Amino acid sequence: MSFAVRNYLLLGLLVLGFGPVVVAQELPDTVHLAKATVTGTRAKEFASGIKVQMVDSATLARYSSATLGDLLRNETPIFIKSYGQGSLATTSFRGGSAGQTAILWNGFNIGSAMNGQLDLSLVPMQVADRVSVQYGGTSALWGSGAMGGTVLLDNVAAFSRGLDVDAGASIGSFGDQRQDAGIAYSTARWASSIKFFNASARNDFSYANTEVRGAPRQNQRNADLQQFGLLAENYFRINDRQHINLRIWYQNSERGIPPTLVQENSTARQQDETWRMTTEWQRTGETVQWNVRAGYFDEQLDWFAFSNAPGEFSHSQNLITEAEMKLKLKPGHAINAGINNTFAQAISAGYPDRPQQDRIALFASYQLNSKDGNSRNTFSARQEWMAGKAVPFTVSLGSDYDLSKTLTAKANVSKVYRVPTFNDLYWNPGGNPALLPESGYSGDIGLAAKWKPVRSKMVLSGEFTAFGRNVDNWIIWLPGPAYWSPQNIANVWSRGLEARGEVHTRVGNVDLKLGVMTSYVLSTSEEAKVANDVSVGKQLIYVPIYSGHADVAIVYKRISATYAMHYTGYRYTSTDNREFLEPFTLADASLSYAMRGGKSWRMEWLAQAFNLFYENYQAVQNRPMPMRNYQLGVRVLFNKPVRAVQVK
Amino acid sequence: MKANNIIQRKILLGLIALLVFASCVKDHPEEPTGTPPTISSGGVFITNEGNFQAGNATVSYYDIASGTSSEDLYAPANGTALGDVCQSMRLFNGKGYVVLNNSGKVVVVDPTTFVSTATITGFTSPRYLLPVSDNKAYVTDLYGNSIAVLDLGSNSITGHIPCPGWTEELALAEGKAFVTNKSRGYVYVINTAMDLLMDSIAVSHGSSSIVADANGKLWVACSGGSGTPPALYRIDPQPDSVEAVLPFPSTSDSPWRLTMNSTKDTLYYLNGDVFRMAIASAALPSSAFVAAAGRNFNAIGVEPQTGILYVADASDYVQRGTVYRYRPDGSVVNTFLAGTIPGGFVFN
């Protein structure tokens with residue numbers, strides 16, 4: 001199918017999306033557990049004015065055998081810089097760099113201390129029960145890195161469920177096999193679960209090598225992946241006011257690093273091993289709520305440039321401790337205040353002396369809601385010190401205002417910052433200990449609508465947002481005569497428009513959902529970084545100006561089907577914008593069927609096809625991507641309830 | 001209530017319209033206008049490294065008489081891109097040998113058309129090529145811990161000479177190949193008849209550049225490290241000994257890209273700025289010939305007929321570089337654009 005035809009299809013979907021159709025509810029057979037959460041006050045109650053996207057459970061279920069990178073690429077406007085199936089995937093959110101998106105697991109920033117990023121291809125969706133995205137600057141809430149946006153991954157406790165067993169397996173194209181199995185037991189007072197997951201893939205897909213004369217078909221080499229891990233969660237209600245929990249996420253991945261289209265061969269390999277452990281205590285009173293939490297994160301990365309190469313090892317440890325208190329002053333007024341300590345150390349070929357970094361932050365938010373609840377406002381401030389030196393004082397102000405039952409206006413302004421990483425500061429040679437944090441301002445204004453016409457089964461919702469952000473002291477690595485070195489030399493202005501629309505409806509026995517999401521992002525360099533720099537006023541590399549998604553979901557009894565199209569526009573690969581990658585449109589489809597065996601058993605089948613129209617595309621230059629491919633999965637869920645136990 | 005509904009409906013319709021129009025706007029970048037390559041004699045090839053793994057390495061050409069430049073010779077002549085990281089190029093016996101480091105290959109071209117006639121593969125990470133006889137050449141390697149021996153007749157690798165570390169530029173003198181090494185403190189000496197590593201000359205750590213002067217002596221630039229200072233060395237190729245050492249005052253100095261003028265009595269090198277010294281000089285020059293002044297100088301070359309100095313500025317390394325032409329008195333003749341990260345000049 002030609003590119004033009006596909007674009008019309010996409011356009012057709014957009015228009016159709018707003019045809020006279022009717023409503024919706026959540027897809028049946030989605031797991032609805034009685035869940036009580038311990039975390040998340042700041043994310044929920046002190047985030048007025050911030051655009052938030054919750055990924056619904058039906059969507060999450062479709063990604064149960066996928067990675068966080070897959071989910072964000074298809075369900076959010078975040079551009080995922082993917083180096084290939086199973087290879088490194090990082091974010092560009094609203095025109096920012098990978099380190100400018102904060103990724104939080106249960107409130108802890110899990111970006112690497114060494115490079116400030118998280119490889120999304122190594123985050124299986126089994127590790128989170130809920131995924132939500134906060135758009136725009138939230139440094140005042142979450143600290144360093146929350147500049148373009150924040151991805152929140154949360155696990156939630158399920159009490160009084162009795163015994164739950166959940167096992168899934170999938171097979172896919174290119175030797176892709178994934179398995180997971182979990183067992184959970186909970187009473188009214190405690191809940192424990194452990195989940196194991198395993199994945200392996202050859203990823204030896206075939207592609208046309210357009211960089212070689214005649215564009216011969218080749219099979220991807222050295223792209224295999226093996227991954228296993230576990231997630232253990234324990235929640236305990238000490239009494240009806242106090243909770244405590246402990247979570248452990250271990251993971252080991254080994255993979256080949258495939259050659260680019262312009263490389264004869266690659267035998268490089270990478271091994272990643274991570275331990276992530278968090279614990280939290282919460283006490284909820286009538287007016288005061290206390291939270292104390294600690295997280296320990298150990299990350300080891302071994303890189304082998306070619307077979308038999310001496311490995312390059314790097315190893316970091318992060319210890320994050322945080323205490324916060326929420327105080328309800330009177331209806332509509334609340335204060336949240338806390339202290340965060342982030343201690344990191346790392347050792348690598350670049351910094352064999354194991355440098356350490358200690359950061360302390362004080363943060364506070366004030367919530368002011370009107371009596372009728374129509375106006376919700378938050379003022380937040382954060383002061384962080386890095387090695388005793390103050391980083392820019394950060395404040396934010398955000399408001400939600402209900403114009404009517406249908407319309408809500410949102411606005412926020414925020415100061416944003418990102419501290420330099422270990423690589424930036426300490427890498428020998430080149431590391432620049434004099435680097436300043438990147439800092440800037442970010443603002444959003446938006447209008448959200450949700451409308452259910454009377455005597456209709458239809459629900460329409462939409463959101464339109466305009467944003468702007470200016471970041472100064474943006475860190476860029478430049479090669480010198482002897483080595484590369486990072487400098488605070490770029491100033492970047494990002495601005496854009498985002499639109500989202502959704503229609504839920506019901507026609508006879510069929511539930512229908514149509515959704516569309518578009519984004520327009522300009523992210524331009526504002527100052528010459530060096531001599532002869534013609535990039536001023538030009539778009540940053542790897543930031544698509546246009547992107548869009550459209551999807552349709554149909555549910556009929558136990559069957560559900562989805563079809564989605566994803567468009568990614570031109571991305572420049574040179575700062576003078578003379579070199580670029582072609583736009584691409586990907587179409588995916590899924591079909592699922594749920595079976596029940598009495599009250600206790602359930603079985604879910606899911607068949608998916610990706611890149612239906614054989615789009616030959618690259619997310620990153622010269623990194624081939626697979627053509628049409630498939631995945632078939634099955635999941636079995638068993639539950640045996642316990643007799644309800646009263647909590648005293 | 002009714003009016004309110006209508007307003008809401010209008011707002012929703014407005015949102016829809018915006019969505020639809022937003023997806024219609026054209027965002028096609030300007031296509032670069034390619035000039036057909038013309039390769040006259042009396043010009044200079046500029047090897048442009050391009051970005052690691054981007055495959056945007058090119059060889060540009062600057063025609064001295066007309067002052068015109070072609071950004072990319074290879075792609076228009078061959079229909080495909082040259083490869084990944086163009087490290088160096090050598091003209092020999094009417095052929096051009098272009099070394100593509102991260103592609104792991106040497107592309108042989110006809111230097112009058114730049115049409116590829118052969119591709120030599122089997123390297124680990126090739127850097128520089130040196131013909132040592134009519135049909136034999138050596139290729140140094142970043143990771144291979146060896147030097148590849150090429151048969152220029154069959155365009156294939158016939159053997160390897162074990163040599164530790166990251167071997168870089170190399171030069172021929174007295175029937176021997178002298179090989180610099182970026183990860184060791186030696187210049188290695190190879191007997192080119194036997195293809196054997198015969199000797200090593202202790203120098204500062206991290207030698208990268210080597211050229212022969214009018215007296216047949218070899219000059220070597222070292223970046224220093226492992227307790228040794230950055231320095232220029234003058235080596236007597238017979239009998240493999242250091243004749244003179246000119247150390248730099250600071251460990252942050254890093255001399256590289258040694259280049260001789262056509263009479264081989266004047267040496268140029270980069271150390272942030274461009275420096276010029278007479279080979280008879282007993283001391284390093286105290287001031288720069290061309291100050292970088294914020295520019296990222298990445299390569300130099302000397303036009304044989306005129307002595308005009310070519311200096312390449314790589315700018316931010318992710319866009320086209322600029323080449324400056326300087327008269328021997330230090331004034332600028334003109335500038336022109338090359339490709340991404342210009343890294344070497346080969347005069348035709």
# chains A, B, ... in the order shown; residues from 1 in each chain; ligands from 1
$ interface_residues --of "chain A" --to "chain B" --cutoff "7 Å" --atoms "only C-alpha atoms" --output "number ranges by chain"
A: 14, 211-213, 260, 262-264, 478, 481-482, 499, 518, 530-533, 570, 574-576, 578, 621-622
$ write_last_selection --atoms "C-alpha atoms" --output "PDB file, in the first residue's frame"
ATOM      1  CA  LEU A  14      -9.738  10.457  12.306  1.00  0.00           C
ATOM      2  CA  GLU A 211      22.230   1.077   2.220  1.00  0.00           C
ATOM      3  CA  VAL A 212      23.642  -1.647  -0.007  1.00  0.00           C
ATOM      4  CA  ARG A 213      23.407  -1.626  -3.792  1.00  0.00           C
ATOM      5  CA  THR A 260      23.628  -1.205  11.608  1.00  0.00           C
ATOM      6  CA  VAL A 262      26.232   0.167   7.244  1.00  0.00           C
ATOM      7  CA  GLN A 263      28.209  -2.260   9.376  1.00  0.00           C
ATOM      8  CA  GLU A 264      29.578  -5.492   7.960  1.00  0.00           C
ATOM      9  CA  LEU A 478      31.385  17.532  21.891  1.00  0.00           C
ATOM     10  CA  PRO A 481      41.198  17.060  20.035  1.00  0.00           C
ATOM     11  CA  ALA A 482      41.759  14.204  22.443  1.00  0.00           C
ATOM     12  CA  ALA A 499      -4.903  16.907  20.896  1.00  0.00           C
ATOM     13  CA  THR A 518      -2.042  14.002  17.540  1.00  0.00           C
ATOM     14  CA  VAL A 530      30.003  26.634  18.490  1.00  0.00           C
ATOM     15  CA  ALA A 531      31.448  28.530  15.541  1.00  0.00           C
ATOM     16  CA  ASN A 532      29.904  27.866  12.108  1.00  0.00           C
ATOM     17  CA  ASP A 533      26.791  26.463  13.805  1.00  0.00           C
ATOM     18  CA  TYR A 570      10.141  13.371   9.559  1.00  0.00           C
ATOM     19  CA  SER A 574      21.740  16.394  11.419  1.00  0.00           C
ATOM     20  CA  THR A 575      21.497  19.615  13.379  1.00  0.00           C
ATOM     21  CA  ASP A 576      21.484  21.684  10.189  1.00  0.00           C
ATOM     22  CA  ARG A 578      19.789  18.576   5.929  1.00  0.00           C
ATOM     23  CA  GLN A 621      19.083   5.885  11.435  1.00  0.00           C
ATOM     24  CA  ASN A 622      20.316   2.614   9.912  1.00  0.00           C
TER      25      ASN A 622
END
$ residues_around --residues "Asn48 (chain B)" --least-positions-apart "3" --cutoff "10 Å" --atoms "only C-alpha atoms" --output "PDB file with N, CA and C atoms, in the first residue's frame"
ATOM      1  N   PHE B  45      40.469  15.807  -2.253  1.00  0.00           N
ATOM      2  CA  PHE B  45      39.420  14.976  -1.652  1.00  0.00           C
ATOM      3  C   PHE B  45      39.379  15.285  -0.162  1.00  0.00           C
ATOM      4  N   ASN B  51      28.780  10.596  11.246  1.00  0.00           N
ATOM      5  CA  ASN B  51      28.523  10.238  12.638  1.00  0.00           C
ATOM      6  C   ASN B  51      28.567   8.727  12.826  1.00  0.00           C
ATOM      7  N   ASN B  56      26.628   8.161   7.389  1.00  0.00           N
ATOM      8  CA  ASN B  56      26.639   9.360   6.544  1.00  0.00           C
ATOM      9  C   ASN B  56      28.056   9.834   6.249  1.00  0.00           C
ATOM     10  N   ALA B  57      28.994   8.871   6.219  1.00  0.00           N
ATOM     11  CA  ALA B  57      30.354   9.203   5.800  1.00  0.00           C
ATOM     12  C   ALA B  57      30.332   9.574   4.321  1.00  0.00           C
ATOM     13  N   THR B  58      31.124  10.569   3.942  1.00  0.00           N
ATOM     14  CA  THR B  58      31.199  10.963   2.535  1.00  0.00           C
ATOM     15  C   THR B  58      32.638  11.339   2.195  1.00  0.00           C
ATOM     16  N   VAL B  59      32.909  11.400   0.897  1.00  0.00           N
ATOM     17  CA  VAL B  59      34.143  12.027   0.433  1.00  0.00           C
ATOM     18  C   VAL B  59      33.717  13.218  -0.419  1.00  0.00           C
ATOM     19  N   SER B  60      34.151  14.409  -0.017  1.00  0.00           N
ATOM     20  CA  SER B  60      33.832  15.621  -0.775  1.00  0.00           C
ATOM     21  C   SER B  60      34.998  15.942  -1.711  1.00  0.00           C
ATOM     22  N   GLU B  71      29.723  17.884  -2.340  1.00  0.00           N
ATOM     23  CA  GLU B  71      29.654  17.363  -0.976  1.00  0.00           C
ATOM     24  C   GLU B  71      29.938  15.868  -0.932  1.00  0.00           C
ATOM     25  N   ASP B  72      29.400  15.136  -1.889  1.00  0.00           N
ATOM     26  CA  ASP B  72      29.475  13.676  -1.820  1.00  0.00           C
ATOM     27  C   ASP B  72      29.780  13.115  -3.206  1.00  0.00           C
ATOM     28  N   VAL B  85      31.649   5.952   9.084  1.00  0.00           N
ATOM     29  CA  VAL B  85      32.898   6.536   9.574  1.00  0.00           C
ATOM     30  C   VAL B  85      34.044   6.368   8.579  1.00  0.00           C
ATOM     31  N   CYS B  86      34.176   7.351   7.712  1.00  0.00           N
ATOM     32  CA  CYS B  86      35.278   7.355   6.757  1.00  0.00           C
ATOM     33  C   CYS B  86      36.517   7.857   7.483  1.00  0.00           C
ATOM     34  N   GLN B  87      37.450   6.942   7.757  1.00  0.00           N
ATOM     35  CA  GLN B  87      38.604   7.297   8.570  1.00  0.00           C
ATOM     36  C   GLN B  87      39.712   7.939   7.748  1.00  0.00           C
ATOM     37  N   SER B  88      39.953   7.396   6.537  1.00  0.00           N
ATOM     38  CA  SER B  88      41.086   7.906   5.757  1.00  0.00           C
ATOM     39  C   SER B  88      40.957   7.480   4.311  1.00  0.00           C
ATOM     40  N   ALA B 299      40.937  18.696  11.121  1.00  0.00           N
ATOM     41  CA  ALA B 299      41.855  18.189  10.099  1.00  0.00           C
ATOM     42  C   ALA B 299      42.606  19.348   9.463  1.00  0.00           C
ATOM     43  N   ALA B 312      39.923  22.218   8.639  1.00  0.00           N
ATOM     44  CA  ALA B 312      38.508  21.829   8.700  1.00  0.00           C
ATOM     45  C   ALA B 312      37.954  22.074  10.098  1.00  0.00           C
ATOM     46  N   ALA B 314      34.750  21.188  12.410  1.00  0.00           N
ATOM     47  CA  ALA B 314      33.641  20.222  12.432  1.00  0.00           C
ATOM     48  C   ALA B 314      32.386  20.808  13.074  1.00  0.00           C
ATOM     49  N   ARG B 320      27.190  19.885   8.598  1.00  0.00           N
ATOM     50  CA  ARG B 320      28.303  20.002   7.654  1.00  0.00           C
ATOM     51  C   ARG B 320      29.439  20.827   8.250  1.00  0.00           C
ATOM     52  N   GLY B 321      30.642  20.360   8.019  1.00  0.00           N
ATOM     53  CA  GLY B 321      31.803  21.102   8.477  1.00  0.00           C
ATOM     54  C   GLY B 321      32.213  22.166   7.466  1.00  0.00           C
ATOM     55  N   ALA B 338      32.150  21.205   3.618  1.00  0.00           N
ATOM     56  CA  ALA B 338      32.419  19.803   3.311  1.00  0.00           C
ATOM     57  C   ALA B 338      31.249  18.986   3.854  1.00  0.00           C
ATOM     58  N   GLY B 339      31.507  17.725   4.229  1.00  0.00           N
ATOM     59  CA  GLY B 339      30.442  16.903   4.803  1.00  0.00           C
ATOM     60  C   GLY B 339      30.502  16.944   6.325  1.00  0.00           C
ATOM     61  N   THR B 340      29.919  15.935   6.952  1.00  0.00           N
ATOM     62  CA  THR B 340      29.870  15.873   8.408  1.00  0.00           C
ATOM     63  C   THR B 340      31.201  15.364   8.974  1.00  0.00           C
ATOM     64  N   ILE B 341      31.800  16.135   9.850  1.00  0.00           N
ATOM     65  CA  ILE B 341      33.092  15.851  10.489  1.00  0.00           C
ATOM     66  C   ILE B 341      34.211  15.599   9.463  1.00  0.00           C
ATOM     67  N   PRO B 342      34.617  16.648   8.750  1.00  0.00           N
ATOM     68  CA  PRO B 342      35.745  16.489   7.831  1.00  0.00           C
ATOM     69  C   PRO B 342      36.986  16.087   8.624  1.00  0.00           C
ATOM     70  N   GLY B 343      37.665  15.019   8.166  1.00  0.00           N
ATOM     71  CA  GLY B 343      38.764  14.487   8.965  1.00  0.00           C
ATOM     72  C   GLY B 343      40.067  14.298   8.210  1.00  0.00           C
ATOM     73  N   GLY B 344      40.099  14.582   6.909  1.00  0.00           N
ATOM     74  CA  GLY B 344      41.350  14.415   6.189  1.00  0.00           C
ATOM     75  C   GLY B 344      41.295  15.024   4.800  1.00  0.00           C
ATOM     76  N   PHE B 345      42.478  15.460   4.310  1.00  0.00           N
ATOM     77  CA  PHE B 345      42.599  16.029   2.968  1.00  0.00           C
ATOM     78  C   PHE B 345      43.546  15.164   2.153  1.00  0.00           C
TER      79      PHE B 345
END
$ residues_around --residues "region 464-471 of chain A" --least-positions-apart "5" --cutoff "6 Å" --atoms "only C-alpha atoms" --output "PDB file with C-alpha atoms, in the first residue's frame"
ATOM      1  CA  SER A 439      17.349  24.418  33.888  1.00  0.00           C
ATOM      2  CA  GLY A 440      14.407  26.207  32.386  1.00  0.00           C
ATOM      3  CA  TYR A 441      10.734  27.003  32.420  1.00  0.00           C
ATOM      4  CA  SER A 442       7.806  24.976  31.249  1.00  0.00           C
ATOM      5  CA  GLY A 443       4.158  25.893  30.851  1.00  0.00           C
ATOM      6  CA  ASP A 444       0.963  24.261  29.678  1.00  0.00           C
ATOM      7  CA  ILE A 445      -2.509  25.431  28.969  1.00  0.00           C
ATOM      8  CA  GLY A 446      -5.279  23.055  28.073  1.00  0.00           C
ATOM      9  CA  LEU A 447      -8.932  22.370  27.781  1.00  0.00           C
ATOM     10  CA  ASN A 491      19.542  26.612  24.676  1.00  0.00           C
ATOM     11  CA  VAL A 492      16.426  24.892  23.413  1.00  0.00           C
ATOM     12  CA  TRP A 493      12.925  26.206  22.948  1.00  0.00           C
ATOM     13  CA  SER A 494      10.243  23.529  22.693  1.00  0.00           C
ATOM     14  CA  ARG A 495       6.602  24.249  22.069  1.00  0.00           C
ATOM     15  CA  GLY A 496       3.696  22.453  20.573  1.00  0.00           C
ATOM     16  CA  LEU A 497       0.108  21.375  20.481  1.00  0.00           C
ATOM     17  CA  GLU A 498      -1.394  18.110  21.557  1.00  0.00           C
ATOM     18  CA  ALA A 499      -4.903  16.907  20.896  1.00  0.00           C
TER      19      ALA A 499
END
$ atom_distance --atom1 "CA of Leu118 (chain A)" --atom2 "CA of Arg623 (chain A)"
19.4 Å
$ residues_around --residues "Tyr61 (chain B)" --least-positions-apart "2" --cutoff "6 Å" --atoms "only C-alpha atoms" --output "list of chain:residue names"
B:Val44, B:Phe45, B:Ser69, B:Ser70
$ residues_around --residues "Cys222 (chain B)" --least-positions-apart "6" --cutoff "8 Å" --atoms "only C-alpha atoms" --output "list in words"
Val203, Ser204, His205, Gly206, Ser207, Ser208, Ser209, Pro230, Ala231, Leu232, Tyr233, Ser254, Pro255 and Trp256 of chain B
$ write_last_selection --atoms "C-alpha atoms" --output "PDB file, in the first residue's frame"
ATOM      1  CA  VAL B 203      57.887   7.211  22.835  1.00  0.00           C
ATOM      2  CA  SER B 204      55.221   8.936  24.909  1.00  0.00           C
ATOM      3  CA  HIS B 205      51.897   7.175  25.286  1.00  0.00           C
ATOM      4  CA  GLY B 206      49.259   7.547  22.586  1.00  0.00           C
ATOM      5  CA  SER B 207      51.052   8.233  19.322  1.00  0.00           C
ATOM      6  CA  SER B 208      48.610   8.874  16.479  1.00  0.00           C
ATOM      7  CA  SER B 209      50.353  10.721  13.701  1.00  0.00           C
ATOM      8  CA  PRO B 230      52.376  14.945  25.248  1.00  0.00           C
ATOM      9  CA  ALA B 231      55.280  15.343  22.833  1.00  0.00           C
ATOM     10  CA  LEU B 232      56.585  15.479  19.301  1.00  0.00           C
ATOM     11  CA  TYR B 233      59.291  12.947  18.559  1.00  0.00           C
ATOM     12  CA  SER B 254      47.207  16.904  22.689  1.00  0.00           C
ATOM     13  CA  PRO B 255      49.098  17.280  19.412  1.00  0.00           C
ATOM     14  CA  TRP B 256      47.809  15.335  16.406  1.00  0.00           C
TER      15      TRP B 256
END
$ residues_around --residues "Val187 (chain B)" --least-positions-apart "3" --cutoff "9 Å" --atoms "only C-alpha atoms" --output "ChimeraX atom specification"
/B:178-181,184,199-203,207,220
